[in-house]
Structure formats: C-alpha cells, structure tokens
Amino acid sequence: MKIIDRLLRRNTSAARVAGFVISNFIGLAIVLGGLQFYLDARSIWQQKDSFISTDYLVINKKVTSGNTISGADAGFTDAELSDLKRQPWVRGVGSFLSNDFKAYMSVDGGSHSLSTQMFFEAIPDDYVDVKGGEWHWEPGMNEVPIIINKDYLALYNFGFASSAGLPQMSEGIMSGIPMRLVLRSDDGRRVMEVKGHVAGFSNRLNTILVPRGFLEEANSRLGRGLPRLPKRVIVDVSRPGDVAIAKYLDEHDWEVAGDKSASQASFLLRVVTAIVMGIGCVITLLSFFVLLLSVSLIMEKNRDKLHSLLMLGYDLGTVASPYRRLVIGASASAGLLALASMFLLRACYLGAVTGLGAQPASVWLTVVVAVALTAAIIMLNVLSVNRRVRSAWRR
C-alpha cells in the first residue's frame with residue numbers, strides 16, 4: 001500500500017496543496033469569524049424588552065399645525081392599512097385601540113395616596129409576550145393587567161415623587177401595588193370599577209397597555225359608540241431598519257415612534273455580516289476549485305499508472321485512497337485552523353463587545369457550520385476523485 005501511495009503521489013505539488021490549505025483557511029476563517037461576531041454582537045441592539053419584539057415598529061401619522069387646527073382625524077384609513085399590508089417587508093399589521101371613556105387610577109399606600117387621570121391603549125394579543133399567563137382577561141374578571149413604559153416610572157421617581165415628597169418605587173414594588181381603576185362615560189352616568197396591577201414594564205411601547213378584550217368591553221359599555229380610525233399601528237417587519245421602510249414612511253408622511261437607531265444598527269449589522277460572509281464563501285469556493293484542479297492535474301499525469309494498477313486487479317477504493325487521504329487531510333487541516341482562528345478572534349473582541357452590554361452567544365452554531373462546510377468540501381472532492389479513477393478504468 002505504501003508503494004502505491006508513493007507511486008501515485010509522486011507528482012503531487014506541495015505548493016498547490018499548501019495554496020489550497022491557506023486559501024481555504026482564509027475563506028472559512030472569514031465566514032466563521034463573521035458569523036460568530038454577529039451572534040455575539042447582535043444583542044447590543046436588541047433592547048431588553050420581554051413584551052415586544054424588536055421586529056415590531058409602531059407607526060403613526062405626523063401631527064402638523066394643519067390637521068391640529070382643523071380637527072381632522074389623523075387616523076389610518078382602511079385603504080392605507082391595506083396598502084401597508086401589501087409591502088414586501090411587512091409580515092403583519094395590528095391597530096392600536098384607545099379608550100373612549102374617562103379613566104382614573106388611585107393607589108393607596110397607607111400614609112401616602114395617589115390619584116390621577118389615565119389613558120389606555122391596546123394592541124392585538126399576538127404582539128404582546130408576557131410570560132406566566134399574566135396577560136389574560138375575560139369578561140367578569142375584576143382585575144386587569146397593565147404594561148407601562150419604563151420612562152413613566154422614571155418620571156415619577158425623579159420628577160413627581162421628589163417634588164411631592166412621595167417615596168420612590170422600584171419596578172418590583174410598583175408591580176406589587178394594587179390599583180383601583182374607575183372608568184366613567186363622558187356623561188358620568190355609566191361607571192365601572194376594577195382592580196389593576198402592573199404586569200410589566202416596556203422600553204419600546206410608549207403607552208399604558210391593557211388587554212384588548214378588556215378595552216373593547218369597556219368601550220362598548222362606556223364609550224360613545226362612534227366609529228374612530230386607529231391613530232397608531234404596530235407593524236411586524238421582516239427587515240427592521242431597511243431603507244425601504246424609511247422611504248415608504250417619508251412618502252406617506254408617517255413616522256416611527258421611539259428610537260429607531262437600534263433597529264437601523266441591527267439591520268446594518270446584518271448587511272455588513274452578510275457581505276463579510278459572502279466574501280468568505282467566495283474565497284472558500286475558489287479554494288475548493290484550487291484543490292479540485294490540483295488533484296485532477298495530478299491524476300491526469302498518473303492516468304497511465306492508474307489504468308495499469310486497475311488492470312493488475314487493484315480495486316477502485318485502493319487506487320483512489322491516496323488522493324482521498326490528500327483531500328481529507330488538506331480540508332480538515334484548513335477547517336481546524338479556521339476554527340482556531342475564530343476562537344482567537346473571539347477572545348480579542350469579546351471583552352469590548354461585552355463591555356458594550358452584549359450577551360455572548362454560544363459557539364456551537366459556528367462549530368456546526370465549520371464542520372458542515374468542511375464536510376461538504378471533502379465530499380465534493382472525494383466524489384471528483386472517484387469519478388477520475390472510474391474514467392481511468394474505462395479508458
């Protein structure tokens with residue numbers, strides 16, 4: 001067997017094999033490094049908000065002096081909503097429902113009490129993710145879960161509480177305080193009294209959110225019964241931060257509520273990562289053809305030897321084994337070097353990324369991708385070797 005190996009690999013060019021290993025290593029290293037960096041860094045732009053996905057955008061029409069003075073209803077018409085749903089980057093659209101009655105909230109904290117007028121909004125329950133079954137309301141229930149924006153709590157703690165001599169409250173304390181909600185119709189003749197509790201705090205929803213079923217029930221009992229257009233909509237988008245979204249909103253004079261920088265930065269990260277990984281895939285593909293052509297050239301030079309060995313009775317597997325070991329060894333070496341470089345690169349940037357607030361991701365997905373790409377390169381080269389040996393046999 002050693003004699004056959006020395007005979008068939010006599011014309012092997014070490015420089016060509018080294019060129020494949022180096023180029024394949026560079027391509028795989030770029031792919032694996034780009035993938036792992038994306039996995040580690042993406043949490044920086046994903047706001048820690050367990051109630052609303054970063055793929056959701058809240059859209060409203062711009063309020064101008066013209067529609068304010070005339071009293072025009074700056075809501076979304078059915079035609080506008082239908083056109084919005086037809087956009088290629090839209091996966092779903094839900095409308096905000098607001099209260100059509102007066103709402104008052106009071107909190108009794110023993111020595112201190114607080115009472116204020118409030119407003120409520122609701123969105124389809126599919127857009128809200130509250131764990132533990134907290135986001136639930138049915139007709140007849142006397143307690144309503146509420147989600148409020150974290151900025152409201154900050155305004156209370158550092159603005160109102162300090163000036164009014166009231167105690168500051170953490171999120172945990174606020175969630176445990178029972179609320180009394182008094183809901184009245186405009187004429188004051190119809191009244192509902194229910195209890196409420198804070199089910200969570202949101203970074204992205206700048207509102208006071210209640211279950212849609214509750215608000216629909218309250219509006220039917222206390223509201224004026226007049227049809228109203230939704231003032232805001234929540235949109236599930238496939239590509240947050242896409243320039244097509246900004247262009248569409250500008251054309252319709254609409255705007256996205258809240259800070260758009262997170263979604264734009266996340267989209268930019270995806271685009272840059274895709275470009276980097278694309279370059280790595282091109283280099284990997286070119287390195288595959290380098291090895292493929294090198295092995296094919298070697299086997300073409302040894303074509304007569306291959307034919308003679310097959311005619312002497314050696315089986316196809318024995319004759320092809322030197323070239324199989326060559327492609328397997330070269331490809332596996334490049335894959336291992338690429339994985340090692342990925343871990344080295346990760347060690348260099350991980351401290352800076354975690355310092356920015358990122359939550360490091362697992363490396364197992366990158367390892368699986370490395371194994372899969374290396375296995376694919378090996379399989380394709382082995383198939384090419386087998387085909388060449390068979391062609392020599394049929395000569």
# chains A, B, ... in the order shown; residues from 1 in each chain; ligands from 1

call {"tool": "select_by_dssp", "arguments": {"residues": "segment 160-234 of chain A", "states": "strand (DSSP E)", "output": "list in words"}}
result
Met179, Arg180, Leu181, Val182, Leu183, Arg184, Val191, Met192, Glu193, Val194, Lys195, Gly196, His197, Val198, Ala199, Gly200, Phe201, Ser202, Ile208, Leu209, Arg232, Val233 and Ile234 of chain A

call {"tool": "residues_around", "arguments": {"residues": "Ser95 of chain A", "least_positions_apart": "6", "cutoff": "9 Å", "atoms": "only C-alpha atoms", "output": "list in words"}}
result
Phe76, Ala122, Ile123, Pro124, Pro230, Lys231, Arg232, Val233, Ile234 and Val235 of chain A

call {"tool": "write_last_selection", "arguments": {"atoms": "all heavy atoms", "output": "compact mmCIF listing (two decimals), in the first residue's frame"}}
result
# COMPACT_ATOMS: atom_id res chain seq x y z
N PHE A 76 -55.57 56.10 10.49
CA PHE A 76 -55.27 55.30 9.31
C PHE A 76 -56.57 54.77 8.71
O PHE A 76 -57.36 54.11 9.41
CB PHE A 76 -54.34 54.14 9.67
CG PHE A 76 -52.95 54.57 10.05
CD1 PHE A 76 -52.65 54.88 11.37
CD2 PHE A 76 -51.96 54.66 9.09
CE1 PHE A 76 -51.36 55.27 11.73
CE2 PHE A 76 -50.68 55.06 9.44
CZ PHE A 76 -50.38 55.36 10.76
N ALA A 122 -54.59 49.47 23.57
CA ALA A 122 -54.49 48.02 23.44
C ALA A 122 -54.08 47.67 22.03
O ALA A 122 -54.39 48.38 21.07
CB ALA A 122 -55.83 47.35 23.78
N ILE A 123 -53.34 46.58 21.91
CA ILE A 123 -52.95 46.04 20.62
C ILE A 123 -53.34 44.57 20.60
O ILE A 123 -53.64 43.99 21.66
CB ILE A 123 -51.43 46.20 20.37
CG1 ILE A 123 -50.63 45.51 21.48
CG2 ILE A 123 -51.05 47.66 20.24
CD1 ILE A 123 -49.13 45.56 21.27
N PRO A 124 -53.38 43.94 19.44
CA PRO A 124 -53.70 42.51 19.41
C PRO A 124 -52.77 41.71 20.31
O PRO A 124 -51.57 41.97 20.39
CB PRO A 124 -53.51 42.14 17.93
CG PRO A 124 -53.78 43.41 17.19
CD PRO A 124 -53.25 44.50 18.07
N PRO A 230 -57.96 54.13 13.72
CA PRO A 230 -56.81 53.92 14.61
C PRO A 230 -55.74 54.98 14.37
O PRO A 230 -55.38 55.28 13.22
CB PRO A 230 -56.32 52.52 14.21
CG PRO A 230 -56.83 52.30 12.84
CD PRO A 230 -58.14 53.03 12.76
N LYS A 231 -55.25 55.56 15.46
CA LYS A 231 -54.23 56.60 15.35
C LYS A 231 -52.82 56.04 15.18
O LYS A 231 -51.95 56.70 14.63
CB LYS A 231 -54.25 57.49 16.61
CG LYS A 231 -55.59 58.16 16.87
CD LYS A 231 -55.89 59.17 15.79
CE LYS A 231 -57.07 60.06 16.19
NZ LYS A 231 -58.30 59.31 16.50
N ARG A 232 -52.62 54.84 15.67
CA ARG A 232 -51.31 54.21 15.57
C ARG A 232 -51.49 52.75 15.17
O ARG A 232 -52.52 52.14 15.46
CB ARG A 232 -50.55 54.29 16.90
CG ARG A 232 -50.29 55.69 17.39
CD ARG A 232 -49.17 55.73 18.40
NE ARG A 232 -49.51 55.07 19.66
CZ ARG A 232 -48.64 54.86 20.64
NH1 ARG A 232 -47.38 55.24 20.50
NH2 ARG A 232 -49.03 54.27 21.76
N VAL A 233 -50.47 52.22 14.53
CA VAL A 233 -50.47 50.81 14.16
C VAL A 233 -49.14 50.20 14.56
O VAL A 233 -48.10 50.90 14.61
CB VAL A 233 -50.73 50.60 12.65
CG1 VAL A 233 -52.12 51.03 12.27
CG2 VAL A 233 -49.69 51.33 11.81
N ILE A 234 -49.15 48.92 14.85
CA ILE A 234 -47.93 48.18 15.13
C ILE A 234 -47.69 47.23 13.97
O ILE A 234 -48.58 46.50 13.56
CB ILE A 234 -48.02 47.45 16.49
CG1 ILE A 234 -46.71 46.73 16.79
CG2 ILE A 234 -49.20 46.50 16.53
CD1 ILE A 234 -46.62 46.21 18.22
N VAL A 235 -46.48 47.26 13.43
CA VAL A 235 -46.17 46.54 12.20
C VAL A 235 -45.07 45.53 12.49
O VAL A 235 -44.02 45.88 13.04
CB VAL A 235 -45.73 47.50 11.08
CG1 VAL A 235 -45.48 46.73 9.78
CG2 VAL A 235 -46.77 48.60 10.88

call {"tool": "closest_residue", "arguments": {"among": "A:Val198, A:Val282, A:Ala274, A:Leu339", "to": "Ala370 of chain A", "atoms": "only C-alpha atoms"}}
result
A:Leu339

call {"tool": "atom_distance", "arguments": {"atom1": "atom CA of Leu222 of chain A", "atom2": "atom CA of Lys102 of chain A"}}
result
8.7 Å

call {"tool": "atom_distance", "arguments": {"atom1": "atom CA of Leu337 of chain A", "atom2": "atom CA of Arg388 of chain A"}}
result
28.8 Å

call {"tool": "residues_around", "arguments": {"residues": "Asn24 of chain A", "least_positions_apart": "5", "cutoff": "9 Å", "atoms": "only C-alpha atoms", "output": "number ranges by chain"}}
result
A: 19, 29, 283-288, 331, 334-335, 338

call {"tool": "residues_around", "arguments": {"residues": "Trp137 of chain A", "least_positions_apart": "3", "cutoff": "7 Å", "atoms": "only C-alpha atoms", "output": "ChimeraX atom specification"}}
result
/A:141,144,211,213-214

call {"tool": "write_last_selection", "arguments": {"atoms": "C-alpha atoms", "output": "PDB file, in the first residue's frame"}}
result
ATOM      1  CA  MET A 141     -62.829  39.277  35.793  1.00  0.00           C
ATOM      2  CA  VAL A 144     -56.760  43.973  34.772  1.00  0.00           C
ATOM      3  CA  PRO A 211     -55.608  43.588  27.169  1.00  0.00           C
ATOM      4  CA  GLY A 213     -60.545  42.225  25.173  1.00  0.00           C
ATOM      5  CA  PHE A 214     -60.904  44.386  28.287  1.00  0.00           C
TER       6      PHE A 214
END

call {"tool": "atom_distance", "arguments": {"atom1": "atom CA of Glu171 of chain A", "atom2": "atom CA of Asp126 of chain A"}}
result
24.4 Å
